Amino acid sequence: MTPVLEVRGLGFRLPGSGKREAGNVKAELVADLSFTVGAGETLVLLGRSGSGKTTTLKLINRLLEPTAGAVRIAGEDAGALDPVCLRRRIGYVIQEVGLFPHFTVEHNVGLVPRLEGWAPERIAARVRELLALVGLDPGTFAGRYPHELSGGQRQRVGVARALAADPLLLLLDEPFGALDPVTRVELQGEFRSLEGRLGKAMVFVTHDVREGLRLGTRIGVMQGGRLVFLGTPEELRRAEHPEVRAFLEAA
Amino acid sequence: MDLLGQHLYLVAISTGLAVALGVPLGILLTRRAAWRALVLGLANVFQTIPSLALFGFLIPLLGIGAWTAIAALVVYGLLPIVRNTYAGIAGVDPAVREAGRGMGMTDRELLTMVELPLAAAVILAGIRVATVVGVGVATIAAAIGAGGLGVYIFRGVAVVDYTLILAGALPAALLALAADGLLGLAQRRLAWRR
């Protein structure tokens, strides 16, 4: 069965850093990255700030263009697709959420379906369905504006928005990072049950080990732009790599 | 044609042209970093040229009359409009832009559905400044045969008739205040809470 996401030898080097200089390894933000993610699987990318995890996400949806390696989505070469088409097939959730302040919750969630030209009734039904899925009563919330929502509510809308066009793959960049600890744990729990129901492939970036252990089917630890560990949560707990141990000790 | 009408004509045409040129230019600056210093610098230079001097430079090229005045007014209107268009769009929350791009909006969709609506209040503020400056500079346009309320002012000065001077100065001042007030109102209606 073709994995939903296949990454092979992925690399990203900052432009203008082709010169050979001793201290120039820093310009390679991601190097030699390979992994696959199947439907229903969540790959957690764990790492320190600057380890390349956010860069990796952006290489998958081509907000940054890879300078090496290949990305395949449902068997198709992502590099050969039109980036806009590619991104509409991938859900993208970021830490700051980025809801459009001048759109209602309904307009925000229904954005990609609207760009894709869905019929208005279909969009409205889909929005109601998704708001209920993320735990927001459609009747109350559809007409509200982002500034009228709490942080947790905004991120729920962010997740609903990413799911709107029913993408195969979901990319989440520290989605709960800006929330208070109580809301954070609450959303993690709901997200976990959602993972099971949706059956989508997900790549979830975080620097919180506990969150990673809770939500990941597999965990990849990144350091200096490279993957230094890839395995199940149980394997992670038994791993001996120094960076992995550092994370476990800090938890 | 009465002088108030002429004055309005000068301001309306020149502001319209300044918007038609300035807004696209401002949008371009948000997409082309290399042009920013040059374009904003140039607009700034033109802004500092005294109006009568600018008229003086343009007369050999365009002759005397309304179109020379309009050309000068467009030049003065460009800086506030270009600068505010650029600043308004650049001031949009980067997370909003990233989310939009990440979800698969094309550059045009991002511009028309997100950036321009969110920048609208700031852009309108620039148009407001351009309009008010335009009303003021248009008063001087009378000196080069372009008509407008300045005609009363200059004639009044020439024959030392204060009533005549006021007949031009008062409406001009009121016009500037009215434009400022109306556009200010529109600007407040457009501002979005972040």
# chains A, B, ... in the order shown; residues from 1 in each chain; ligands from 1
>>> closest_atom_pairs(of="chain B", to="chain A", cutoff="7 Å", atoms="only C-alpha atoms", output="tab-separated table")
residue	atom	partner	partner_atom	distance
B:Ala95	CA	A:Gly98	CA	4.7
B:Val96	CA	A:Gly98	CA	4.1
B:Ala99	CA	A:Gly98	CA	5.4
B:Gly102	CA	A:Arg87	CA	6.1
B:Met103	CA	A:Arg87	CA	5.5
B:Gly104	CA	A:Arg87	CA	4.6
B:Met105	CA	A:Val84	CA	6.5
B:Thr106	CA	A:Val84	CA	6.4
B:Trp192	CA	A:His102	CA	6.6
B:Arg194	CA	A:Pro101	CA	5.7
>>> write_last_selection(atoms="N, CA and C atoms", output="short mmCIF file (atom, residue, chain, number, x, y, z; two decimals), in the first residue's frame")
data_model
loop_
_atom_site.label_atom_id
_atom_site.label_comp_id
_atom_site.auth_asym_id
_atom_site.auth_seq_id
_atom_site.Cartn_x
_atom_site.Cartn_y
_atom_site.Cartn_z
N ALA B 95 1.56 35.72 10.33
CA ALA B 95 0.94 34.40 10.51
C ALA B 95 -0.26 34.24 9.57
N VAL B 96 -0.98 35.33 9.36
CA VAL B 96 -2.13 35.29 8.46
C VAL B 96 -1.66 35.01 7.04
N ALA B 99 -0.45 31.36 6.87
CA ALA B 99 -1.58 30.43 6.84
C ALA B 99 -2.23 30.45 5.46
N GLY B 102 0.05 28.75 2.98
CA GLY B 102 0.14 27.32 3.30
C GLY B 102 -1.10 26.55 2.92
N MET B 103 -2.25 27.24 2.91
CA MET B 103 -3.49 26.55 2.56
C MET B 103 -3.71 26.47 1.07
N GLY B 104 -2.87 27.17 0.32
CA GLY B 104 -3.00 27.06 -1.13
C GLY B 104 -3.69 28.24 -1.78
N MET B 105 -3.55 29.44 -1.20
CA MET B 105 -4.07 30.62 -1.90
C MET B 105 -3.02 31.07 -2.90
N THR B 106 -3.48 31.46 -4.08
CA THR B 106 -2.53 32.03 -5.04
C THR B 106 -2.17 33.44 -4.57
N TRP B 192 -10.05 47.15 10.82
CA TRP B 192 -10.40 45.85 11.37
C TRP B 192 -9.64 45.60 12.65
N ARG B 194 -7.56 43.33 15.05
CA ARG B 194 -6.74 42.16 14.76
C ARG B 194 -7.02 41.05 15.75
#
>>> residues_around(residues="region 6-15 of chain A", least_positions_apart="2", cutoff="10 Å", atoms="only C-alpha atoms", output="ChimeraX atom specification")
/A:2-4,17-18,25-38,52,55-56,59-60,64-78,225-226
>>> write_last_selection(atoms="N, CA and C atoms", output="short mmCIF file (atom, residue, chain, number, x, y, z; two decimals), in the first residue's frame")
data_model
loop_
_atom_site.label_atom_id
_atom_site.label_comp_id
_atom_site.auth_asym_id
_atom_site.auth_seq_id
_atom_site.Cartn_x
_atom_site.Cartn_y
_atom_site.Cartn_z
N THR A 2 0.67 2.15 -0.97
CA THR A 2 1.54 3.34 -1.06
C THR A 2 1.34 4.21 0.18
N PRO A 3 2.44 4.58 0.81
CA PRO A 3 2.29 5.50 1.94
C PRO A 3 1.78 6.85 1.44
N VAL A 4 1.08 7.57 2.29
CA VAL A 4 0.56 8.88 1.90
C VAL A 4 1.71 9.85 1.66
N SER A 17 24.79 30.00 -0.09
CA SER A 17 25.73 29.37 0.83
C SER A 17 26.47 28.24 0.14
N GLY A 18 26.66 28.38 -1.17
CA GLY A 18 27.35 27.33 -1.90
C GLY A 18 28.86 27.36 -1.72
N VAL A 25 28.48 24.72 7.66
CA VAL A 25 27.53 23.62 7.80
C VAL A 25 26.19 24.15 8.30
N LYS A 26 26.24 25.27 8.98
CA LYS A 26 25.02 25.88 9.54
C LYS A 26 24.00 26.19 8.46
N ALA A 27 24.46 26.44 7.25
CA ALA A 27 23.55 26.86 6.19
C ALA A 27 22.71 25.71 5.67
N GLU A 28 23.05 24.48 6.07
CA GLU A 28 22.26 23.33 5.67
C GLU A 28 21.23 23.09 6.76
N LEU A 29 20.02 23.60 6.55
CA LEU A 29 19.04 23.52 7.62
C LEU A 29 18.45 22.13 7.79
N VAL A 30 18.40 21.41 6.67
CA VAL A 30 17.88 20.04 6.71
C VAL A 30 18.75 19.21 5.78
N ALA A 31 19.13 18.02 6.19
CA ALA A 31 19.95 17.19 5.31
C ALA A 31 19.58 15.72 5.43
N ASP A 32 19.53 15.08 4.29
CA ASP A 32 19.44 13.62 4.24
C ASP A 32 18.27 13.05 5.05
N LEU A 33 17.11 13.64 4.88
CA LEU A 33 15.94 13.24 5.66
C LEU A 33 15.13 12.21 4.89
N SER A 34 14.84 11.07 5.53
CA SER A 34 14.02 10.06 4.87
C SER A 34 13.05 9.45 5.85
N PHE A 35 11.79 9.42 5.49
CA PHE A 35 10.79 8.74 6.30
C PHE A 35 9.51 8.58 5.49
N THR A 36 8.62 7.71 5.96
CA THR A 36 7.31 7.58 5.31
C THR A 36 6.23 7.71 6.38
N VAL A 37 5.06 8.15 5.94
CA VAL A 37 3.92 8.22 6.84
C VAL A 37 2.72 7.63 6.11
N GLY A 38 2.06 6.65 6.73
CA GLY A 38 0.91 6.04 6.10
C GLY A 38 -0.39 6.63 6.60
N GLY A 52 15.39 22.02 12.71
CA GLY A 52 14.97 21.80 11.32
C GLY A 52 13.58 21.23 11.18
N THR A 55 11.26 23.64 9.23
CA THR A 55 11.76 23.68 7.86
C THR A 55 11.29 22.45 7.11
N THR A 56 11.34 21.30 7.79
CA THR A 56 10.91 20.05 7.14
C THR A 56 9.46 20.14 6.69
N LEU A 59 9.14 22.18 3.66
CA LEU A 59 9.67 21.54 2.46
C LEU A 59 8.63 20.59 1.88
N ILE A 60 7.78 20.05 2.76
CA ILE A 60 6.76 19.12 2.28
C ILE A 60 5.68 19.86 1.50
N LEU A 64 8.92 26.21 1.24
CA LEU A 64 10.35 26.30 0.92
C LEU A 64 10.62 25.22 -0.11
N GLU A 65 11.46 25.52 -1.11
CA GLU A 65 11.75 24.52 -2.12
C GLU A 65 12.96 23.69 -1.70
N PRO A 66 12.81 22.36 -1.71
CA PRO A 66 13.95 21.52 -1.35
C PRO A 66 15.12 21.75 -2.30
N THR A 67 16.33 21.70 -1.75
CA THR A 67 17.50 21.80 -2.62
C THR A 67 18.07 20.41 -2.90
N ALA A 68 17.53 19.40 -2.21
CA ALA A 68 17.97 18.03 -2.46
C ALA A 68 16.85 17.08 -2.08
N GLY A 69 16.85 15.89 -2.68
CA GLY A 69 15.91 14.86 -2.29
C GLY A 69 14.54 15.02 -2.91
N ALA A 70 13.63 14.12 -2.51
CA ALA A 70 12.31 14.10 -3.14
C ALA A 70 11.21 13.89 -2.11
N VAL A 71 10.03 14.42 -2.42
CA VAL A 71 8.85 14.25 -1.60
C VAL A 71 7.77 13.66 -2.49
N ARG A 72 7.15 12.58 -2.03
CA ARG A 72 6.06 12.00 -2.80
C ARG A 72 4.79 11.97 -1.95
N ILE A 73 3.70 12.45 -2.51
CA ILE A 73 2.42 12.45 -1.81
C ILE A 73 1.48 11.55 -2.57
N ALA A 74 1.01 10.49 -1.90
CA ALA A 74 0.14 9.49 -2.53
C ALA A 74 0.76 9.02 -3.85
N GLY A 75 2.06 8.79 -3.81
CA GLY A 75 2.75 8.27 -4.97
C GLY A 75 3.13 9.30 -6.01
N GLU A 76 2.64 10.53 -5.90
CA GLU A 76 2.99 11.54 -6.90
C GLU A 76 4.15 12.40 -6.43
N ASP A 77 5.01 12.78 -7.36
CA ASP A 77 6.15 13.63 -7.03
C ASP A 77 5.67 15.04 -6.71
N ALA A 78 5.84 15.44 -5.46
CA ALA A 78 5.34 16.76 -5.05
C ALA A 78 6.02 17.89 -5.80
N GLY A 225 19.28 19.39 11.85
CA GLY A 225 18.76 19.17 10.51
C GLY A 225 18.73 17.72 10.07
N ARG A 226 19.17 16.84 10.91
CA ARG A 226 19.15 15.41 10.55
C ARG A 226 18.27 14.62 11.51
#
>>> select_by_dssp(residues="region 28-137 of chain A", states="alpha helix (DSSP H)", output="JSON, numbers by chain")
{"A": [53, 54, 55, 56, 57, 58, 59, 60, 83, 84, 85, 86, 87, 88, 105, 106, 107, 108, 109, 111, 112, 113, 114, 115, 120, 121, 122, 123, 124, 125, 126, 127, 128, 129, 130, 131, 132, 133]}
>>> write_last_selection(atoms="N, CA and C atoms", output="compact mmCIF listing (two decimals), in the first residue's frame")
# COMPACT_ATOMS: atom_id res chain seq x y z
N LYS A 53 12.83 21.11 12.27
CA LYS A 53 11.53 20.47 12.17
C LYS A 53 10.51 21.31 11.40
N THR A 54 10.47 22.63 11.68
CA THR A 54 9.55 23.49 10.94
C THR A 54 9.95 23.58 9.48
N THR A 55 11.26 23.64 9.23
CA THR A 55 11.76 23.68 7.86
C THR A 55 11.29 22.45 7.11
N THR A 56 11.34 21.30 7.79
CA THR A 56 10.91 20.05 7.14
C THR A 56 9.46 20.14 6.69
N LEU A 57 8.60 20.66 7.56
CA LEU A 57 7.19 20.80 7.18
C LEU A 57 7.06 21.69 5.95
N LYS A 58 7.78 22.79 5.95
CA LYS A 58 7.67 23.72 4.83
C LYS A 58 8.24 23.15 3.54
N LEU A 59 9.14 22.18 3.66
CA LEU A 59 9.67 21.54 2.46
C LEU A 59 8.63 20.59 1.88
N ILE A 60 7.78 20.05 2.76
CA ILE A 60 6.76 19.12 2.28
C ILE A 60 5.68 19.86 1.50
N PRO A 83 2.52 24.14 -6.96
CA PRO A 83 2.54 24.29 -5.50
C PRO A 83 1.19 24.64 -4.91
N VAL A 84 0.42 25.47 -5.58
CA VAL A 84 -0.88 25.86 -5.05
C VAL A 84 -1.81 24.65 -4.96
N CYS A 85 -1.85 23.84 -6.02
CA CYS A 85 -2.67 22.61 -6.00
C CYS A 85 -2.21 21.68 -4.90
N LEU A 86 -0.89 21.55 -4.76
CA LEU A 86 -0.33 20.69 -3.73
C LEU A 86 -0.82 21.12 -2.35
N ARG A 87 -0.70 22.42 -2.08
CA ARG A 87 -1.05 22.91 -0.75
C ARG A 87 -2.53 22.76 -0.44
N ARG A 88 -3.38 22.81 -1.46
CA ARG A 88 -4.80 22.66 -1.20
C ARG A 88 -5.16 21.23 -0.83
N VAL A 105 -15.86 32.83 11.57
CA VAL A 105 -15.36 31.47 11.75
C VAL A 105 -15.78 30.62 10.55
N GLU A 106 -17.04 30.77 10.15
CA GLU A 106 -17.55 30.01 9.01
C GLU A 106 -16.75 30.27 7.74
N HIS A 107 -16.45 31.54 7.46
CA HIS A 107 -15.68 31.89 6.27
C HIS A 107 -14.26 31.37 6.35
N ASN A 108 -13.69 31.41 7.55
CA ASN A 108 -12.33 30.92 7.74
C ASN A 108 -12.26 29.43 7.46
N VAL A 109 -13.19 28.68 8.07
CA VAL A 109 -13.15 27.22 7.90
C VAL A 109 -13.43 26.84 6.46
N LEU A 111 -12.71 28.25 3.75
CA LEU A 111 -11.87 28.92 2.77
C LEU A 111 -11.46 28.05 1.59
N VAL A 112 -10.81 26.92 1.87
CA VAL A 112 -10.30 26.11 0.75
C VAL A 112 -11.45 25.56 -0.10
N PRO A 113 -12.53 25.05 0.51
CA PRO A 113 -13.66 24.65 -0.32
C PRO A 113 -14.15 25.78 -1.22
N ARG A 114 -14.14 27.00 -0.69
CA ARG A 114 -14.60 28.11 -1.52
C ARG A 114 -13.63 28.38 -2.67
N LEU A 115 -12.33 28.31 -2.38
CA LEU A 115 -11.33 28.50 -3.44
C LEU A 115 -11.47 27.41 -4.49
N PRO A 120 -22.28 26.37 -2.37
CA PRO A 120 -22.44 26.99 -1.04
C PRO A 120 -23.08 26.07 -0.02
N GLU A 121 -24.08 25.29 -0.42
CA GLU A 121 -24.74 24.42 0.56
C GLU A 121 -23.77 23.37 1.07
N ARG A 122 -22.94 22.86 0.13
CA ARG A 122 -21.97 21.83 0.51
C ARG A 122 -20.96 22.41 1.49
N ILE A 123 -20.53 23.65 1.23
CA ILE A 123 -19.56 24.30 2.11
C ILE A 123 -20.18 24.50 3.49
N ALA A 124 -21.40 25.00 3.54
CA ALA A 124 -22.07 25.25 4.82
C ALA A 124 -22.21 23.98 5.63
N ALA A 125 -22.60 22.90 4.96
CA ALA A 125 -22.77 21.61 5.65
C ALA A 125 -21.42 21.12 6.18
N ARG A 126 -20.41 21.25 5.36
CA ARG A 126 -19.07 20.80 5.76
C ARG A 126 -18.57 21.61 6.96
N VAL A 127 -18.79 22.92 6.94
CA VAL A 127 -18.36 23.78 8.05
C VAL A 127 -19.04 23.35 9.35
N ARG A 128 -20.35 23.10 9.27
CA ARG A 128 -21.09 22.66 10.48
C ARG A 128 -20.51 21.36 11.00
N GLU A 129 -20.27 20.44 10.08
CA GLU A 129 -19.74 19.13 10.45
C GLU A 129 -18.40 19.27 11.17
N LEU A 130 -17.52 20.10 10.60
CA LEU A 130 -16.17 20.25 11.17
C LEU A 130 -16.18 20.98 12.49
N LEU A 131 -17.00 22.00 12.64
CA LEU A 131 -17.05 22.72 13.90
C LEU A 131 -17.49 21.77 15.01
N ALA A 132 -18.49 20.93 14.71
CA ALA A 132 -18.94 19.95 15.69
C ALA A 132 -17.81 18.98 16.02
N LEU A 133 -17.06 18.59 15.00
CA LEU A 133 -15.96 17.65 15.18
C LEU A 133 -14.89 18.18 16.13
>>> residues_around(residues="region 1-11 of chain B", least_positions_apart="3", cutoff="8 Å", atoms="only C-alpha atoms", output="PDB file with N, CA and C atoms, in the first residue's frame")
ATOM      1  N   SER B  14      -6.722  64.413 -10.286  1.00  0.00           N
ATOM      2  CA  SER B  14      -5.352  64.104  -9.870  1.00  0.00           C
ATOM      3  C   SER B  14      -5.327  63.028  -8.791  1.00  0.00           C
ATOM      4  N   THR B  15      -6.260  63.082  -7.832  1.00  0.00           N
ATOM      5  CA  THR B  15      -6.294  62.037  -6.808  1.00  0.00           C
ATOM      6  C   THR B  15      -6.625  60.694  -7.440  1.00  0.00           C
ATOM      7  N   ALA B  66      -4.568  73.514 -16.851  1.00  0.00           N
ATOM      8  CA  ALA B  66      -5.046  72.489 -15.908  1.00  0.00           C
ATOM      9  C   ALA B  66      -4.177  71.235 -15.880  1.00  0.00           C
ATOM     10  N   ALA B  69      -1.088  71.456 -13.814  1.00  0.00           N
ATOM     11  CA  ALA B  69      -1.442  71.414 -12.397  1.00  0.00           C
ATOM     12  C   ALA B  69      -1.757  69.987 -11.979  1.00  0.00           C
ATOM     13  N   ILE B  70      -2.525  69.274 -12.805  1.00  0.00           N
ATOM     14  CA  ILE B  70      -2.884  67.886 -12.474  1.00  0.00           C
ATOM     15  C   ILE B  70      -1.633  67.021 -12.362  1.00  0.00           C
ATOM     16  N   LEU B  73      -0.050  67.691  -9.081  1.00  0.00           N
ATOM     17  CA  LEU B  73      -0.854  67.150  -7.988  1.00  0.00           C
ATOM     18  C   LEU B  73      -0.688  65.632  -7.886  1.00  0.00           C
ATOM     19  N   THR B 131      -5.393  63.732  -0.782  1.00  0.00           N
ATOM     20  CA  THR B 131      -6.514  64.603  -1.145  1.00  0.00           C
ATOM     21  C   THR B 131      -6.378  65.974  -0.492  1.00  0.00           C
ATOM     22  N   GLY B 134      -3.704  67.839  -1.984  1.00  0.00           N
ATOM     23  CA  GLY B 134      -4.156  68.232  -3.314  1.00  0.00           C
ATOM     24  C   GLY B 134      -5.011  69.487  -3.283  1.00  0.00           C
ATOM     25  N   VAL B 135      -5.937  69.561  -2.326  1.00  0.00           N
ATOM     26  CA  VAL B 135      -6.786  70.749  -2.221  1.00  0.00           C
ATOM     27  C   VAL B 135      -5.919  71.982  -1.993  1.00  0.00           C
ATOM     28  N   ALA B 138      -3.712  72.813  -5.132  1.00  0.00           N
ATOM     29  CA  ALA B 138      -4.555  73.272  -6.235  1.00  0.00           C
ATOM     30  C   ALA B 138      -4.865  74.752  -6.117  1.00  0.00           C
ATOM     31  N   THR B 139      -4.780  75.284  -4.906  1.00  0.00           N
ATOM     32  CA  THR B 139      -5.012  76.722  -4.739  1.00  0.00           C
ATOM     33  C   THR B 139      -3.935  77.515  -5.465  1.00  0.00           C
ATOM     34  N   GLY B 147      -6.914  77.686 -13.098  1.00  0.00           N
ATOM     35  CA  GLY B 147      -8.226  77.954 -12.513  1.00  0.00           C
ATOM     36  C   GLY B 147      -8.288  77.536 -11.062  1.00  0.00           C
ATOM     37  N   GLY B 148      -9.496  77.368 -10.564  1.00  0.00           N
ATOM     38  CA  GLY B 148      -9.663  76.960  -9.171  1.00  0.00           C
ATOM     39  C   GLY B 148      -9.792  78.143  -8.228  1.00  0.00           C
ATOM     40  N   LEU B 149      -9.985  77.852  -6.954  1.00  0.00           N
ATOM     41  CA  LEU B 149     -10.274  78.891  -5.970  1.00  0.00           C
ATOM     42  C   LEU B 149      -9.111  79.885  -5.799  1.00  0.00           C
ATOM     43  N   VAL B 151      -7.733  81.517  -7.925  1.00  0.00           N
ATOM     44  CA  VAL B 151      -7.945  82.690  -8.791  1.00  0.00           C
ATOM     45  C   VAL B 151      -8.426  83.875  -7.949  1.00  0.00           C
ATOM     46  N   PRO B 171     -13.584  78.884   1.120  1.00  0.00           N
ATOM     47  CA  PRO B 171     -14.033  77.618   0.531  1.00  0.00           C
ATOM     48  C   PRO B 171     -12.913  76.588   0.418  1.00  0.00           C
TER      49      PRO B 171
END
>>> residues_around(residues="Leu116 (chain B)", least_positions_apart="6", cutoff="10 Å", atoms="only C-alpha atoms", output="ChimeraX atom specification")
/B:27,85,88-89,92,110,122-123
>>> residues_around(residues="region 203-207 of chain A", least_positions_apart="3", cutoff="9 Å", atoms="only C-alpha atoms", output="ChimeraX atom specification")
/A:37,41-49,53-54,57,169-177,211-212,215-216,247
>>> atom_distance(atom1="CA of Arg108 (chain B)", atom2="CA of Pro94 (chain B)")
16.6 Å
